Amino acid sequence: MLWFAFLRLIGLLTTLLAASLVIFVVLEVIPGDPAEVMLGLNAQADTLAALRAELGLNAPVSTRYVNWLLGMLKGEFGVSYTYSVPVSELIGERIQVSLPLATGALILSTVIAIPIGVYSARYHGKIIDTGIMSVAQIGIAIPNFWIAILLVYVFAIVLRVLPSGGFPGWDVSFFGSLQALLLPVIALALPQASILARVMRSALLDVLHEDYIRTARAKGLSNKATLWRHGVRNALIPVLTILGLQFSFLIAGTVIIENLFYLPGLGRLIFQGITQRDLIVVKSSVMLLVALTIFVTFLVDIAYAAIDPRLRRRA
Amino acid sequence: MNQELPSYPSLASFDEISIWKKALHSRSFVIGAVLALVILIAGITSVFWTPYAIDVLDVSKRLKPMSSEFWFGTDQYGRDIFSMLMVGARTSIIVALIAVGIGMLIGVPLGLLAAAQKGFLEELVMRTNDLIFAFPSLLSAVLITSIFGPGTINAVIAIGIFNIPVFARVARGGALSLSGREFLLAARLSGKSSFLITLEHVIPNIANLLIVQATIQLSLAILSEAGLSYLGLGTQPPMASWGRMLYEAQTMVAFAPQLALYPGFAIIFSVLGFNLLGDGLRDLLDPKMRRRVA
């Protein structure tokens, strides 16, 4: 197990390194002169030169890359060009919105999906199962930003019970902040819940064919106890994988959803950074999100191996 | 738990006639095929004909309700919504087809190469795959389209890149599952090169897998295109796109909520169609996966 974790850790570090290289090349090498990108086409020559000096662009590309990496390791992400504050400060602020948003959506989708998936599997082939799975099939096809628009219409415009956007800040109004996150969380969670419910159902149906289920029933365990203690527990392995994958979807989903609800989160920071050509902000925040995704995949791999010893040999 | 649905025909023979018969009995396949076909026909027709031109703004005709003149009404710029939905279907299909095509054309050979040449090359291909998977797809599409400029072509490339590892993975998995099978050994013994064996024996045998995956990727690509266009990074006006329509409808949602419904339904309609088609095809082509698969 330790050896497996060690190998995975090395894989994690290589992927991180490769990802940082890709981000650096896409944002700093391909566009040509980052200073020119940030200032636009009509920039004065002396402003350009000043920004180049400020950003350390006169150094060779390899030095810049290494400096960026070393800076991030020290927690220095550079200073935002548009906001004139350290990027680390911006990220620290914005993550207070994105993290509750993504985890809230992850939790909500799990809480909805697991019972529904189990229920559907239990009544496999019955009308209720077909009904639930048809709804889930449609749920997968719905874009989260469309759900978001409908939610805003119903709860903010017609019923006027929830805000249509904006974020007061946790220290200003804790309850208000929770309210502001409610609709975005629901919009993000519903399509993911549809996927998860289907995975839960099919994983459970797979498991219910196993001999140990019959054994459990034969030794006198009730149907319900067998389902939960032996069925659901074993079916959770594929569900875990999907949860790991969904995290990446949720991260990407925050870009759209935070824009739609005017939430000052990381996704919106990146999107605004891109439109304002603030490459310093974009570079480090994208790296952060990618690192987060890679780390979650790593955790899922480890959890997987911890649950199922057979998988360790694969490494 | 393993009982079959009573309406489901047996899989005794596997010739083409029975496949078509089964296809017509598969609910997923029939509904999916019909939905996909409707979108396809709407998109193709829009090349030659739409009820109204979509690049003419006429404020005097703004926000008209549904009528025999404007089937789905008009938007805040006086454009006919039905015509815009048709052109949006064309945009979605073109973007999705090319993006998935890019993924297949590059991904499948890479996957097959990885399966055939074990060792360093395989490791390289699979690690590159992991790397692309590490980038949340929409996030990277936003990056790509913003660096290289918004527009349909860059959206296609951005979505296409993320289809490459998917197809590489499926092709490699499929090819590996065939390795050691007698007909491949026989082909090798008869002196065929591994290139020819791949071309003549491996690809036809994994074609089913690839087709099913392609259908599912099509629906994901349609969703991604809508997302990018919603953010203003995909298809640009005057071309219509469902995502863009949703973005424009959002500003009007307090006064004209119906504007947000049509493009949303169009997206759901087409994504559902390709998803069901994929499910149906998988049921038909791979009897092992029948029914229970999510």
# chains A, B, ... in the order shown; residues from 1 in each chain; ligands from 1

$ residues_around --residues "A:Trp170" --least-positions-apart "6" --cutoff "12 Å" --atoms "only C-alpha atoms" --output "PDB file with N, CA and C atoms, in the first residue's frame"
ATOM      1  N   GLU A  93      -9.090  35.279  -1.139  1.00  0.00           N
ATOM      2  CA  GLU A  93     -10.399  35.893  -0.990  1.00  0.00           C
ATOM      3  C   GLU A  93     -11.448  35.128  -1.800  1.00  0.00           C
ATOM      4  N   ARG A  94     -11.092  34.844  -3.056  1.00  0.00           N
ATOM      5  CA  ARG A  94     -12.054  34.259  -3.981  1.00  0.00           C
ATOM      6  C   ARG A  94     -12.395  32.817  -3.633  1.00  0.00           C
ATOM      7  N   ILE A  95     -11.420  32.122  -3.024  1.00  0.00           N
ATOM      8  CA  ILE A  95     -11.650  30.700  -2.753  1.00  0.00           C
ATOM      9  C   ILE A  95     -12.696  30.533  -1.658  1.00  0.00           C
ATOM     10  N   GLN A  96     -12.929  31.597  -0.887  1.00  0.00           N
ATOM     11  CA  GLN A  96     -13.969  31.547   0.146  1.00  0.00           C
ATOM     12  C   GLN A  96     -15.358  31.437  -0.476  1.00  0.00           C
ATOM     13  N   VAL A  97     -15.443  31.761  -1.751  1.00  0.00           N
ATOM     14  CA  VAL A  97     -16.715  31.613  -2.452  1.00  0.00           C
ATOM     15  C   VAL A  97     -16.736  30.290  -3.214  1.00  0.00           C
ATOM     16  N   PRO A 100     -16.820  26.719  -0.932  1.00  0.00           N
ATOM     17  CA  PRO A 100     -18.160  26.345  -0.443  1.00  0.00           C
ATOM     18  C   PRO A 100     -19.111  26.008  -1.584  1.00  0.00           C
ATOM     19  N   GLY A 176     -26.750  35.859   4.770  1.00  0.00           N
ATOM     20  CA  GLY A 176     -26.909  36.386   3.418  1.00  0.00           C
ATOM     21  C   GLY A 176     -26.003  35.679   2.426  1.00  0.00           C
ATOM     22  N   SER A 177     -24.793  35.342   2.854  1.00  0.00           N
ATOM     23  CA  SER A 177     -23.864  34.646   1.974  1.00  0.00           C
ATOM     24  C   SER A 177     -24.363  33.245   1.661  1.00  0.00           C
ATOM     25  N   LEU A 178     -24.880  32.594   2.707  1.00  0.00           N
ATOM     26  CA  LEU A 178     -25.442  31.256   2.488  1.00  0.00           C
ATOM     27  C   LEU A 178     -26.571  31.320   1.464  1.00  0.00           C
ATOM     28  N   GLN A 179     -27.440  32.322   1.638  1.00  0.00           N
ATOM     29  CA  GLN A 179     -28.566  32.505   0.720  1.00  0.00           C
ATOM     30  C   GLN A 179     -28.068  32.726  -0.702  1.00  0.00           C
ATOM     31  N   ALA A 180     -27.023  33.528  -0.817  1.00  0.00           N
ATOM     32  CA  ALA A 180     -26.492  33.856  -2.142  1.00  0.00           C
ATOM     33  C   ALA A 180     -25.945  32.609  -2.827  1.00  0.00           C
ATOM     34  N   LEU A 181     -25.471  31.636  -2.033  1.00  0.00           N
ATOM     35  CA  LEU A 181     -24.882  30.437  -2.627  1.00  0.00           C
ATOM     36  C   LEU A 181     -25.910  29.347  -2.922  1.00  0.00           C
ATOM     37  N   PRO A 264     -18.133  36.524  -6.626  1.00  0.00           N
ATOM     38  CA  PRO A 264     -16.698  36.798  -6.717  1.00  0.00           C
ATOM     39  C   PRO A 264     -15.871  35.575  -6.340  1.00  0.00           C
TER      40      PRO A 264
END

$ residues_around --residues "stretch 268-276 of chain B" --least-positions-apart "3" --cutoff "8 Å" --atoms "only C-alpha atoms" --output "ChimeraX atom specification"
/A:137-138,140-143 /B:28-29,31-36,39,215-216,218-220,222-223,264-265,279-280

$ closest_atom_pairs --of "chain B" --to "chain A" --cutoff "7 Å" --atoms "only C-alpha atoms" --output "JSON lines"
{"residue": "B:Leu131", "atom": "CA", "partner": "A:Thr15", "partner_atom": "CA", "distance": 6.0}
{"residue": "B:Ala134", "atom": "CA", "partner": "A:Ile294", "partner_atom": "CA", "distance": 5.6}
{"residue": "B:Phe135", "atom": "CA", "partner": "A:Val290", "partner_atom": "CA", "distance": 5.6}
{"residue": "B:Pro136", "atom": "CA", "partner": "A:Ser248", "partner_atom": "CA", "distance": 5.2}
{"residue": "B:Ser137", "atom": "CA", "partner": "A:Ala252", "partner_atom": "CA", "distance": 6.9}
{"residue": "B:Leu138", "atom": "CA", "partner": "A:Ala252", "partner_atom": "CA", "distance": 5.4}
{"residue": "B:Leu139", "atom": "CA", "partner": "A:Ala252", "partner_atom": "CA", "distance": 5.2}
{"residue": "B:Ser146", "atom": "CA", "partner": "A:Ile274", "partner_atom": "CA", "distance": 6.5}
{"residue": "B:Leu223", "atom": "CA", "partner": "A:Pro143", "partner_atom": "CA", "distance": 6.6}
{"residue": "B:Leu231", "atom": "CA", "partner": "A:Ile256", "partner_atom": "CA", "distance": 7.0}
{"residue": "B:Gln250", "atom": "CA", "partner": "A:Ile149", "partner_atom": "CA", "distance": 6.6}
{"residue": "B:Val253", "atom": "CA", "partner": "A:Tyr153", "partner_atom": "CA", "distance": 6.6}
{"residue": "B:Ala254", "atom": "CA", "partner": "A:Ile157", "partner_atom": "CA", "distance": 6.4}
{"residue": "B:Gly264", "atom": "CA", "partner": "A:Trp146", "partner_atom": "CA", "distance": 6.1}
{"residue": "B:Ile268", "atom": "CA", "partner": "A:Ala141", "partner_atom": "CA", "distance": 5.0}
{"residue": "B:Val271", "atom": "CA", "partner": "A:Ala141", "partner_atom": "CA", "distance": 5.2}
{"residue": "B:Leu272", "atom": "CA", "partner": "A:Ala141", "partner_atom": "CA", "distance": 5.3}
{"residue": "B:Arg292", "atom": "CA", "partner": "A:Ser202", "partner_atom": "CA", "distance": 5.8}
{"residue": "B:Val293", "atom": "CA", "partner": "A:Ser202", "partner_atom": "CA", "distance": 5.7}
{"residue": "B:Ala294", "atom": "CA", "partner": "A:Arg198", "partner_atom": "CA", "distance": 5.0}

$ write_last_selection --atoms "N, CA and C atoms" --output "short mmCIF file (atom, residue, chain, number, x, y, z; two decimals), in the first residue's frame"
data_model
loop_
_atom_site.label_atom_id
_atom_site.label_comp_id
_atom_site.auth_asym_id
_atom_site.auth_seq_id
_atom_site.Cartn_x
_atom_site.Cartn_y
_atom_site.Cartn_z
N LEU B 131 -2.61 13.95 -18.39
CA LEU B 131 -2.35 15.39 -18.29
C LEU B 131 -3.54 16.19 -18.82
N ALA B 134 -6.36 16.25 -16.58
CA ALA B 134 -6.18 17.04 -15.36
C ALA B 134 -6.71 18.45 -15.52
N PHE B 135 -6.89 18.90 -16.77
CA PHE B 135 -7.41 20.24 -17.00
C PHE B 135 -8.93 20.18 -17.11
N PRO B 136 -9.63 20.76 -16.15
CA PRO B 136 -11.10 20.77 -16.29
C PRO B 136 -11.46 21.31 -17.67
N SER B 137 -12.23 20.52 -18.45
CA SER B 137 -12.31 20.78 -19.88
C SER B 137 -12.82 22.17 -20.21
N LEU B 138 -13.88 22.60 -19.55
CA LEU B 138 -14.44 23.90 -19.91
C LEU B 138 -13.46 25.03 -19.57
N LEU B 139 -12.76 24.84 -18.46
CA LEU B 139 -11.78 25.84 -18.04
C LEU B 139 -10.71 26.03 -19.12
N SER B 146 -9.83 32.22 -25.31
CA SER B 146 -9.53 33.61 -24.99
C SER B 146 -8.14 34.02 -25.46
N LEU B 223 -23.04 20.33 -25.39
CA LEU B 223 -23.11 21.05 -24.11
C LEU B 223 -21.94 22.03 -23.96
N LEU B 231 -20.76 32.04 -22.61
CA LEU B 231 -19.76 32.93 -22.03
C LEU B 231 -19.28 33.98 -23.04
N GLN B 250 -31.10 35.82 -20.98
CA GLN B 250 -30.94 36.01 -19.53
C GLN B 250 -31.17 37.46 -19.13
N VAL B 253 -34.91 38.06 -18.77
CA VAL B 253 -35.68 36.99 -18.14
C VAL B 253 -36.84 37.55 -17.30
N ALA B 254 -36.70 38.76 -16.77
CA ALA B 254 -37.78 39.32 -15.96
C ALA B 254 -38.99 39.70 -16.82
N GLY B 264 -32.99 26.51 -24.33
CA GLY B 264 -32.74 25.48 -23.32
C GLY B 264 -33.31 24.14 -23.76
N ILE B 268 -31.39 20.58 -24.52
CA ILE B 268 -31.78 19.35 -23.84
C ILE B 268 -32.22 18.28 -24.86
N VAL B 271 -29.03 16.97 -26.74
CA VAL B 271 -28.13 16.20 -25.88
C VAL B 271 -28.80 14.88 -25.48
N LEU B 272 -30.07 14.98 -25.12
CA LEU B 272 -30.84 13.79 -24.78
C LEU B 272 -30.85 12.82 -25.97
N ARG B 292 -28.41 -2.83 -18.06
CA ARG B 292 -28.08 -2.43 -16.71
C ARG B 292 -27.18 -1.20 -16.66
N VAL B 293 -26.62 -0.87 -17.83
CA VAL B 293 -25.59 0.17 -17.84
C VAL B 293 -26.18 1.55 -17.63
N ALA B 294 -25.44 2.37 -16.90
CA ALA B 294 -25.90 3.74 -16.66
C ALA B 294 -25.70 4.58 -17.91
#

$ select_by_dssp --residues "stretch 111-314 of chain A" --states "helix (DSSP H, G or I)" --output "PyMOL selection string"
chain A and resi 111-122+127-141+144-158+174-207+211-218+223-260+266-275+279-307+309-314

$ residues_around --residues "A:Met38" --least-positions-apart "5" --cutoff "12 Å" --atoms "only C-alpha atoms" --output "ChimeraX atom specification"
/A:27-28,31-33,43,47-48,51-52,55,80-82,273-282 /B:147

$ atom_distance --atom1 "atom CA of B:Pro150" --atom2 "atom CA of A:Leu57"
26.3 Å

$ residues_around --residues "B:Ser60" --least-positions-apart "3" --cutoff "12 Å" --atoms "only C-alpha atoms" --output "VMD selection string"
chain B and resid 56 to 57 63 to 64 74 to 79

$ closest_residue --among "B:Pro263, B:Gly227, B:Gly88, B:Pro65" --to "B:Ile44" --atoms "only C-alpha atoms"
B:Gly88

$ atom_distance --atom1 "atom CA of B:Thr235" --atom2 "atom CA of B:Thr91"
7.8 Å

$ residues_around --residues "B:Val108" --least-positions-apart "4" --cutoff "8 Å" --atoms "only C-alpha atoms" --output "list in words"
Gly103, Met104, Leu112, Ile164, Phe167, Ala168, Val170, Ala171 and Arg172 of chain B

$ atom_distance --atom1 "atom CA of A:Phe6" --atom2 "atom CA of A:Met72"
23.3 Å

$ residues_around --residues "B:Ala155" --least-positions-apart "6" --cutoff "8 Å" --atoms "only C-alpha atoms" --output "list of chain:residue names"
B:Val95, B:Ala141, B:Thr145, B:Glu225, B:Leu228, B:Leu233, B:Gly234, B:Thr235

$ closest_residue --among "A:Pro163, A:Phe24, A:Asn42, A:Asp129" --to "A:Val61" --atoms "only C-alpha atoms"
A:Phe24
